[in-house]
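Structure file structure-v2.csv; described as CSV, C-alpha atoms.
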chain,number,residue,atom,x,y,z
A,831,MET,CA,7.8,-20.5,-27.7
A,832,SER,CA,4.7,-20.1,-29.9
A,833,GLY,CA,4.1,-23.8,-29.9
A,834,LEU,CA,4.1,-23.8,-26.1
A,835,ALA,CA,1.7,-20.9,-26.0
A,836,TYR,CA,-0.7,-22.7,-28.4
A,837,GLU,CA,-0.7,-25.9,-26.2
A,838,SER,CA,-1.1,-23.9,-23.0
A,839,LEU,CA,-4.0,-21.8,-24.3
A,840,GLU,CA,-6.3,-24.8,-24.0
A,841,ASP,CA,-5.7,-24.8,-20.3
A,842,VAL,CA,-6.7,-21.1,-19.8
A,843,GLU,CA,-10.2,-19.9,-19.5
A,844,PHE,CA,-10.8,-16.4,-20.6
A,845,PRO,CA,-13.4,-13.9,-19.5
A,846,ASP,CA,-15.6,-14.4,-22.6
A,847,ASP,CA,-16.0,-18.0,-21.6
A,848,ILE,CA,-18.1,-17.0,-18.6
A,849,HIS,CA,-21.6,-15.6,-18.7
A,850,THR,CA,-21.8,-11.9,-19.1
A,851,THR,CA,-23.2,-9.5,-16.4
A,852,SER,CA,-25.3,-6.3,-16.8
A,853,THR,CA,-22.3,-4.1,-15.8
A,854,GLY,CA,-20.0,-5.7,-18.3
A,855,ILE,CA,-17.6,-6.5,-15.5
A,856,SER,CA,-17.5,-10.0,-14.0
A,857,ASN,CA,-18.8,-10.4,-10.5
A,858,GLU,CA,-15.5,-11.6,-9.2
A,859,LYS,CA,-13.7,-8.5,-10.4
A,860,LEU,CA,-16.3,-6.1,-9.2
A,861,GLY,CA,-16.5,-7.9,-5.9
A,862,MET,CA,-12.7,-7.6,-5.5
A,863,TRP,CA,-12.8,-3.8,-6.2
A,864,VAL,CA,-15.6,-3.3,-3.7
A,865,TYR,CA,-13.6,-5.3,-1.1
A,866,LEU,CA,-10.5,-3.2,-1.8
A,867,ALA,CA,-12.6,0.0,-1.4
A,868,SER,CA,-13.7,-1.2,2.0
A,869,ASP,CA,-10.1,-2.2,2.9
A,870,CYS,CA,-9.1,1.3,2.0
A,871,LEU,CA,-11.3,2.7,4.7
A,872,LEU,CA,-9.9,0.1,7.2
A,873,PHE,CA,-6.3,1.1,6.4
A,874,GLY,CA,-7.3,4.8,6.4
A,875,GLY,CA,-8.6,4.4,9.9
A,876,MET,CA,-5.4,2.5,11.1
A,877,ILE,CA,-3.1,5.1,9.5
A,878,SER,CA,-5.1,8.0,11.0
A,879,THR,CA,-4.9,6.3,14.4
A,880,TYR,CA,-1.1,6.0,14.2
A,881,LEU,CA,-0.8,9.6,13.1
A,882,ILE,CA,-2.9,10.8,16.1
A,883,TYR,CA,-0.8,8.8,18.6
A,884,LYS,CA,2.7,8.8,17.0
A,885,ASN,CA,3.9,11.8,19.1
A,886,ARG,CA,1.9,10.8,22.2
A,887,PRO,CA,3.2,7.4,23.2
A,888,GLY,CA,1.9,7.6,26.8
A,889,GLU,CA,1.9,4.6,29.0
A,890,ILE,CA,-0.9,2.1,28.9
A,891,ALA,CA,-2.6,2.1,32.3
A,892,GLY,CA,-1.4,-0.9,34.4
A,893,LEU,CA,1.6,-1.6,32.2
A,894,SER,CA,5.0,-0.2,32.5
A,895,GLY,CA,6.7,-0.2,29.1
A,896,ASN,CA,9.0,1.7,26.9
A,897,THR,CA,7.4,5.1,26.3
A,898,ASP,CA,9.8,6.2,23.5
A,899,LYS,CA,8.3,7.2,20.2
A,900,VAL,CA,8.4,4.2,17.7
A,901,SER,CA,10.0,6.4,15.0
A,902,GLU,CA,13.2,6.6,17.1
A,903,TYR,CA,13.8,3.0,16.4
A,904,PHE,CA,13.1,2.9,12.6
A,905,ASP,CA,15.9,1.5,10.4
A,906,ILE,CA,15.1,3.3,7.2
A,907,PRO,CA,17.8,1.7,4.9
A,908,PHE,CA,16.4,-1.8,5.9
A,909,THR,CA,12.8,-0.8,5.4
A,910,SER,CA,13.7,0.8,2.1
A,911,MET,CA,15.1,-2.6,1.0
A,912,THR,CA,11.9,-4.5,2.0
A,913,SER,CA,9.8,-1.8,0.2
A,914,PHE,CA,11.8,-2.3,-2.9
A,915,ILE,CA,11.2,-6.1,-2.7
A,916,LEU,CA,7.4,-5.5,-2.5
A,917,LEU,CA,7.6,-3.1,-5.4
A,918,MET,CA,9.4,-5.7,-7.4
A,919,SER,CA,6.8,-8.3,-6.6
A,920,SER,CA,4.2,-6.0,-8.2
A,921,LEU,CA,6.2,-6.1,-11.4
A,922,THR,CA,6.4,-9.9,-11.4
A,923,MET,CA,2.6,-10.0,-10.7
A,924,VAL,CA,1.7,-8.0,-13.8
A,925,LEU,CA,4.1,-10.0,-15.9
A,926,GLY,CA,2.3,-13.1,-14.6
A,927,VAL,CA,-1.1,-11.6,-15.6
A,928,ASN,CA,0.3,-10.8,-19.1
A,929,ALA,CA,1.6,-14.4,-19.3
A,930,VAL,CA,-1.8,-16.0,-18.6
A,931,ILE,CA,-3.5,-13.7,-21.0
A,932,ARG,CA,-1.0,-14.9,-23.7
A,933,GLY,CA,-1.8,-18.5,-22.6
A,934,ASP,CA,1.9,-19.0,-21.6
A,935,LEU,CA,1.5,-21.2,-18.5
A,936,THR,CA,5.2,-21.8,-18.0
A,937,ARG,CA,5.9,-18.1,-17.6
A,938,LEU,CA,2.8,-17.7,-15.5
A,939,ARG,CA,4.1,-20.3,-13.0
A,940,LEU,CA,7.5,-18.6,-13.0
A,941,TRP,CA,6.1,-15.2,-12.2
A,942,LEU,CA,3.6,-16.5,-9.7
A,943,THR,CA,6.4,-18.3,-7.9
A,944,SER,CA,8.6,-15.1,-8.0
A,945,THR,CA,5.9,-13.0,-6.6
A,946,ALA,CA,5.2,-15.4,-3.8
A,947,VAL,CA,8.9,-15.6,-2.9
A,948,LEU,CA,9.3,-11.8,-2.9
A,949,GLY,CA,6.2,-11.5,-0.7
A,950,ALA,CA,7.7,-14.1,1.7
A,951,LEU,CA,10.9,-12.1,1.7
A,952,PHE,CA,9.0,-8.9,2.6
A,953,LEU,CA,7.3,-10.8,5.4
A,954,GLY,CA,10.7,-12.1,6.7
A,955,GLY,CA,11.9,-8.5,6.8
A,956,GLN,CA,8.9,-7.4,8.8
A,957,ILE,CA,9.3,-10.3,11.2
A,958,TYR,CA,13.0,-9.3,11.6
A,959,GLU,CA,12.0,-5.7,12.2
A,960,PHE,CA,9.4,-6.6,14.8
A,961,THR,CA,11.7,-9.0,16.6
A,962,ASN,CA,14.4,-6.3,16.7
A,963,PHE,CA,12.0,-3.8,18.3
A,964,VAL,CA,10.8,-6.3,20.9
A,965,VAL,CA,14.0,-8.0,21.8
A,966,ASN,CA,16.7,-5.2,21.4
A,967,ASP,CA,14.6,-2.1,22.0
A,968,ASP,CA,12.1,-3.4,24.5
A,969,LEU,CA,9.2,-2.0,22.5
A,970,GLY,CA,6.3,-4.5,22.5
A,971,PHE,CA,2.7,-4.2,21.4
A,972,THR,CA,1.6,-3.1,24.8
A,973,SER,CA,4.6,-0.9,25.6
A,974,ASN,CA,2.8,2.3,24.7
A,975,VAL,CA,-0.2,3.6,22.7
A,976,ALA,CA,1.9,4.7,19.7
A,977,ALA,CA,3.6,1.3,19.6
A,978,SER,CA,0.2,-0.5,19.7
A,979,ALA,CA,-1.0,1.7,16.8
A,980,PHE,CA,2.2,1.0,14.8
A,981,TYR,CA,2.1,-2.8,15.3
A,982,ALA,CA,-1.6,-2.9,14.6
A,983,LEU,CA,-1.2,-1.0,11.3
A,984,THR,CA,2.0,-2.8,10.0
A,985,GLY,CA,0.8,-6.1,11.4
A,986,LEU,CA,-2.5,-5.8,9.6
A,987,HIS,CA,-0.6,-5.1,6.4
A,988,GLY,CA,1.6,-8.2,7.1
A,989,VAL,CA,-1.5,-10.3,7.5
A,990,HIS,CA,-2.7,-9.0,4.1
A,991,VAL,CA,0.7,-10.1,2.6
A,992,VAL,CA,0.3,-13.6,4.1
A,993,VAL,CA,-3.2,-13.9,2.6
A,994,GLY,CA,-1.8,-12.7,-0.7
A,995,VAL,CA,1.0,-15.3,-0.7
A,996,ILE,CA,-1.5,-18.0,0.1
A,997,MET,CA,-3.6,-16.8,-2.9
A,998,LEU,CA,-0.6,-16.8,-5.2
A,999,LEU,CA,0.4,-20.3,-4.2
A,1000,SER,CA,-3.2,-21.5,-4.7
A,1001,MET,CA,-3.1,-20.0,-8.2
A,1002,LEU,CA,0.2,-21.8,-8.8
A,1003,ALA,CA,-1.3,-25.1,-7.6
A,1004,ILE,CA,-4.4,-24.6,-9.8
A,1005,SER,CA,-2.2,-23.9,-12.8
A,1006,PHE,CA,-0.8,-27.5,-12.5
A,1007,GLY,CA,-4.3,-29.1,-12.2
A,1008,THR,CA,-7.5,-27.9,-13.7
A,1009,ARG,CA,-8.1,-25.1,-16.3
A,1010,ILE,CA,-6.9,-21.8,-14.8
A,1011,ARG,CA,-9.1,-18.8,-15.4
A,1012,ALA,CA,-7.1,-15.7,-16.7
A,1013,GLU,CA,-9.4,-13.4,-14.8
A,1014,ALA,CA,-8.8,-15.3,-11.5
A,1015,VAL,CA,-5.2,-14.5,-11.9
A,1016,GLU,CA,-6.0,-10.9,-12.6
A,1017,VAL,CA,-8.2,-10.6,-9.5
A,1018,VAL,CA,-5.5,-12.1,-7.4
A,1019,GLY,CA,-3.2,-9.5,-9.0
A,1020,LEU,CA,-5.5,-6.7,-8.1
A,1021,TYR,CA,-5.3,-7.8,-4.4
A,1022,TRP,CA,-1.6,-8.0,-4.6
A,1023,HIS,CA,-1.2,-4.6,-6.1
A,1024,PHE,CA,-3.5,-3.2,-3.4
A,1025,VAL,CA,-1.1,-4.7,-0.8
A,1026,ASP,CA,1.7,-2.8,-2.6
A,1027,ILE,CA,-0.2,0.4,-2.8
A,1028,VAL,CA,-1.0,0.4,0.9
A,1029,TRP,CA,2.7,-0.1,1.6
A,1030,VAL,CA,3.5,2.9,-0.6
A,1031,LEU,CA,1.3,5.0,1.8
A,1032,ILE,CA,2.6,3.3,5.0
A,1033,PHE,CA,6.2,3.6,4.0
A,1034,THR,CA,5.9,7.4,3.3
A,1035,ILE,CA,3.5,8.4,6.1
A,1036,VAL,CA,4.8,6.2,8.9
A,1037,TYR,CA,8.5,5.7,8.1
A,1038,LEU,CA,9.7,8.7,6.1
A,1039,ILE,CA,7.7,11.7,7.1
A,1040,PRO,CA,9.4,13.0,10.3
B,854,MET,CA,7.8,-13.9,-27.5
B,855,SER,CA,6.1,-11.3,-29.6
B,856,ALA,CA,5.6,-13.8,-32.4
B,857,ALA,CA,3.7,-16.0,-30.1
B,858,VAL,CA,1.4,-13.2,-29.1
B,859,THR,CA,0.8,-12.1,-32.7
B,860,GLU,CA,-0.2,-15.7,-33.7
B,861,LEU,CA,-2.4,-16.1,-30.7
B,862,ASP,CA,-4.3,-12.9,-31.4
B,863,ASP,CA,-5.6,-14.3,-34.7
B,864,ASP,CA,-7.8,-17.0,-33.2
B,865,SER,CA,-7.6,-16.2,-29.5
B,866,PRO,CA,-11.0,-16.6,-27.6
B,867,VAL,CA,-10.2,-13.3,-25.8
B,868,ASN,CA,-12.3,-10.3,-26.8
B,869,PRO,CA,-9.8,-8.0,-28.6
B,870,GLY,CA,-11.1,-5.0,-26.8
B,871,GLU,CA,-10.7,-6.7,-23.4
B,872,HIS,CA,-7.0,-7.3,-23.0
B,873,HIS,CA,-4.8,-7.5,-26.0
B,874,THR,CA,-5.2,-4.1,-27.5
B,875,HIS,CA,-5.5,-2.0,-24.4
B,876,GLY,CA,-3.4,-3.6,-21.7
B,877,PRO,CA,0.2,-2.5,-21.2
B,878,THR,CA,2.9,-4.7,-22.7
B,879,ASP,CA,5.7,-6.2,-20.6
B,880,ALA,CA,8.1,-3.4,-21.8
B,881,GLN,CA,5.6,-0.8,-20.6
B,882,TYR,CA,5.4,-2.5,-17.3
B,883,PHE,CA,9.1,-2.4,-16.9
B,884,LYS,CA,9.1,1.4,-17.7
B,885,VAL,CA,6.5,2.0,-15.0
B,886,PHE,CA,8.5,-0.2,-12.6
B,887,PHE,CA,11.8,1.7,-13.2
B,888,LEU,CA,10.0,5.0,-12.7
B,889,LEU,CA,8.6,3.7,-9.4
B,890,VAL,CA,12.1,2.6,-8.3
B,891,ALA,CA,13.5,6.0,-9.2
B,892,LEU,CA,10.7,7.8,-7.2
B,893,THR,CA,11.3,5.5,-4.3
B,894,ALA,CA,15.0,6.2,-4.3
B,895,LEU,CA,14.2,9.9,-4.3
B,896,GLU,CA,11.8,9.4,-1.4
B,897,VAL,CA,14.4,7.4,0.6
B,898,SER,CA,17.1,10.1,-0.1
B,899,THR,CA,15.0,12.6,1.9
B,900,TYR,CA,16.1,10.7,5.0
B,901,TRP,CA,19.6,12.1,4.6
B,902,TRP,CA,18.8,15.5,3.2
B,903,ASP,CA,19.5,17.2,6.6
B,904,ASP,CA,23.0,15.8,6.6
B,905,ILE,CA,23.6,16.4,2.9
B,906,PHE,CA,22.5,20.0,2.9
B,907,ASN,CA,23.5,20.7,6.5
B,908,ALA,CA,20.1,22.3,7.2
B,909,ASP,CA,16.7,21.6,8.5
B,910,THR,CA,15.0,20.4,5.3
B,911,LYS,CA,11.7,19.2,6.9
B,912,LYS,CA,9.6,22.0,5.3
B,913,ILE,CA,10.7,21.0,1.8
B,914,ALA,CA,11.0,17.2,2.4
B,915,VAL,CA,7.4,16.7,3.7
B,916,PRO,CA,5.6,18.2,0.6
B,917,VAL,CA,8.1,16.4,-1.7
B,918,LEU,CA,7.4,13.1,0.1
B,919,ILE,CA,3.6,13.6,-0.1
B,920,ALA,CA,3.8,14.5,-3.8
B,921,LEU,CA,6.0,11.4,-4.6
B,922,MET,CA,3.6,9.2,-2.6
B,923,VAL,CA,0.6,10.4,-4.6
B,924,ILE,CA,2.4,9.9,-7.9
B,925,LYS,CA,3.5,6.4,-6.9
B,926,PHE,CA,0.0,5.6,-5.7
B,927,PHE,CA,-1.5,6.6,-9.1
B,928,LEU,CA,1.2,4.8,-11.1
B,929,VAL,CA,0.4,1.5,-9.4
B,930,ALA,CA,-3.4,2.1,-9.5
B,931,LEU,CA,-3.5,3.2,-13.2
B,932,TYR,CA,-1.0,0.8,-14.8
B,933,PHE,CA,-0.5,-2.2,-12.5
B,934,MET,CA,-4.1,-2.4,-11.4
B,935,HIS,CA,-5.3,-1.6,-15.0
B,936,LEU,CA,-7.5,1.2,-13.9
B,937,LYS,CA,-6.5,3.3,-16.9
B,938,TYR,CA,-7.6,0.6,-19.2
B,939,ASP,CA,-10.6,-0.8,-17.3
B,940,SER,CA,-14.3,0.0,-17.2
B,941,PRO,CA,-15.4,3.6,-16.3
B,942,LEU,CA,-17.6,2.1,-13.6
B,943,LEU,CA,-14.5,0.8,-11.8
B,944,LYS,CA,-12.8,4.2,-12.2
B,945,ARG,CA,-15.8,6.0,-10.7
B,946,THR,CA,-16.0,3.5,-7.8
B,947,PHE,CA,-12.3,4.1,-7.1
B,948,TYR,CA,-12.3,7.9,-7.3
B,949,VAL,CA,-15.5,8.5,-5.4
B,950,GLY,CA,-14.4,6.1,-2.7
B,951,MET,CA,-11.0,7.7,-2.5
B,952,ILE,CA,-12.4,11.3,-2.2
B,953,VAL,CA,-14.9,10.2,0.4
B,954,ALA,CA,-12.2,8.4,2.4
B,955,ILE,CA,-9.8,11.4,2.3
B,956,PHE,CA,-12.6,13.7,3.4
B,957,VAL,CA,-13.6,11.4,6.3
B,958,TYR,CA,-10.1,11.0,7.6
B,959,VAL,CA,-9.2,14.7,7.2
B,960,VAL,CA,-12.2,15.4,9.4
B,961,ALA,CA,-11.2,12.7,11.9
B,962,LEU,CA,-7.7,14.0,12.1
B,963,THR,CA,-9.0,17.6,12.6
B,964,VAL,CA,-11.3,16.5,15.3
B,965,MET,CA,-8.4,14.7,17.1
B,966,ASN,CA,-6.2,17.9,17.0
B,967,PHE,CA,-3.7,16.3,14.7
B,968,TRP,CA,-2.9,19.5,12.8
B,969,SER,CA,-2.2,21.4,16.0
B,970,ASP,CA,0.0,18.6,17.3
B,971,SER,CA,3.0,20.4,18.8
B,972,GLY,CA,5.0,17.3,19.2
B,973,THR,CA,4.5,17.0,23.0
B,974,THR,CA,3.5,13.6,24.5
B,975,GLU,CA,0.2,15.1,25.8
B,976,PHE,CA,-2.9,13.7,24.0
B,977,ASN,CA,-4.7,17.0,24.0
B,978,ASP,CA,-1.9,19.4,23.6
B,979,PRO,CA,-2.2,22.4,25.9
B,980,PRO,CA,-2.3,25.7,24.2
B,981,ILE,CA,1.1,27.2,23.5
B,982,ASP,CA,0.2,30.5,25.1
B,983,PRO,CA,-1.6,30.3,28.5
B,984,PRO,CA,-5.1,32.0,28.5
B,985,ALA,CA,-5.1,35.6,29.6
B,986,PRO,CA,-6.3,36.1,33.2
B,987,PHE,CA,-9.9,37.1,33.5
B,988,CYS,CA,-9.0,40.2,35.4
B,989,ALA,CA,-6.7,42.6,33.5
B,990,THR,CA,-5.2,44.1,36.7
B,991,SER,CA,-4.5,40.8,38.4
B,992,SER,CA,-1.9,38.2,37.6
B,993,GLU,CA,-4.2,35.5,39.2
B,994,PRO,CA,-6.7,33.8,37.0
B,995,GLY,CA,-10.4,34.5,37.8
B,996,PRO,CA,-12.3,37.6,38.5
B,997,CYS,CA,-10.7,40.8,40.0
B,998,PRO,CA,-10.3,40.7,43.7
B,999,ALA,CA,-12.8,42.8,45.7
B,1000,GLY,CA,-11.7,46.3,46.5
In structure tokens, how does this file's structure come out?
Amino acid sequence: MSGLAYESLEDVEFPDDIHTTSTGISNEKLGMWVYLASDCLLFGGMISTYLIYKNRPGEIAGLSGNTDKVSEYFDIPFTSMTSFILLMSSLTMVLGVNAVIRGDLTRLRLWLTSTAVLGALFLGGQIYEFTNFVVNDDLGFTSNVAASAFYALTGLHGVHVVVGVIMLLSMLAISFGTRIRAEAVEVVGLYWHFVDIVWVLIFTIVYLIP
Amino acid sequence: MSAAVTELDDDSPVNPGEHHTHGPTDAQYFKVFFLLVALTALEVSTYWWDDIFNADTKKIAVPVLIALMVIKFFLVALYFMHLKYDSPLLKRTFYVGMIVAIFVYVVALTVMNFWSDSGTTEFNDPPIDPPAPFCATSSEPGPCPAG
């Protein structure tokens, strides 16, 4: 194990290898935090919009759709399972970050793959949920205002997960090719945990609070 | 595993103050994860509280859910996102942004009558009690009839 780590260490570039900045924080990391802060405001707006409309489905003018509240169709045990999957992906992500810091590329690849697979499973769950709403419950994006707010919020989160999975797979591909930067993995990890943290809010506010 | 880490620390190019001494270990990450799982299980259990306790538990469940959500949020931010171990500049950026965002959205929800939402499907909920008629001696709204 130690031999492997020594060999792999040559393929990992650490933060000190890069030129320093006046803040002591690399531009990539600071940039990611600033982006996440702006994304917080975006999701805050989407969550607020859903809260405002959740009890007021109302028909959309010109369209006749299902005017039931979205919350009447939630399958809490199923969504709890997908939430657990996303939570588990956060664990595999931090284990991956620790692995790259140790210079253990084999474990890094294992944890990156696990995280991407768990993310894909979460997405599969979301697609199943949406399909169920549309096909069985006749609740589409334009059925009513509350449904639009719900699909826009959870769909936007799903898009973030898709981007996260692409980033994870890119890191995995890079780990097989050129030198991988430990901080690049950490920055991707920050994004992935943000996706998880947003779901912590959505799961409670949208699904669990009556 | 631990032997490999110890050996690497001796001649690792990583700044010792950057990662190795301050970041959580794998074991600590597992502890945080299991705590998150337990909190999530408690959250999900609130869905069945009405049936279990055979009563309306909404008034207790909602504050409990909000508290659990906040704890989970900070556990992920502090440990998984390394905020606890990172530069104070990032902490300040995060906390200032969070406070401003909460303030902005509480104001937005207040302006949109969210807190007075009575659960009806009307966008602007009508007042629960109709306004008193302008004329105290008449049941009709408006000024008192002449005479």
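CA of Tyr1021 in chain A sits 28.6 Å away from CA of Val900 in chain A.
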(message) For a test of reading the model, state the distance in Å between CA of Leu921 in chain B and CA of Ser910 in chain A, rounded to one decimal.
(response) 14.7 Å
(request) Just the residues within 10 Å of Thr878 in chain B, please, counting only C-alpha atoms, with nothing from its chain fewer than 5 positions along; format it as a count of residues only. (result) 5
(message) For a cutoff of 9 Å around the file-coordinate point (-20.2, -0.9, -14.2), which residues qualify once you count only C-alpha atoms? I'd like the result as a VMD selection string.
(response) (chain A and resid 852 to 855 860) or (chain B and resid 940 to 943 945 to 946)
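For the choices A:Thr912, A:Val992, A:Ser856, A:Leu940, the atom-to-atom distance to Tyr958 in chain A is smallest for A:Thr912 when using all atoms listed in the file.
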(request) Grab the CA of Phe960 in chain A to CA of Ile915 in chain A distance for me, in Å with one decimal place. (result) 17.6 Å
(request) With all atoms listed in the file counted, which protein, DNA or RNA residues have an atom no more than 9 Å from (-6.2, -12.3, -12.7) in the file frame? Please answer as a list in words. (result) Lys859, Gly926, Val927, Val930, Ile931, Arg1011, Ala1012, Glu1013, Ala1014, Val1015, Glu1016, Val1017, Val1018, Gly1019 and Leu1020 of chain A
(request) Using only C-alpha atoms, find which residues of chain A lie within 6 Å of chain B and jot them down as a VMD selection string. (result) chain A and resid 832 882 885 to 886 1020 1027
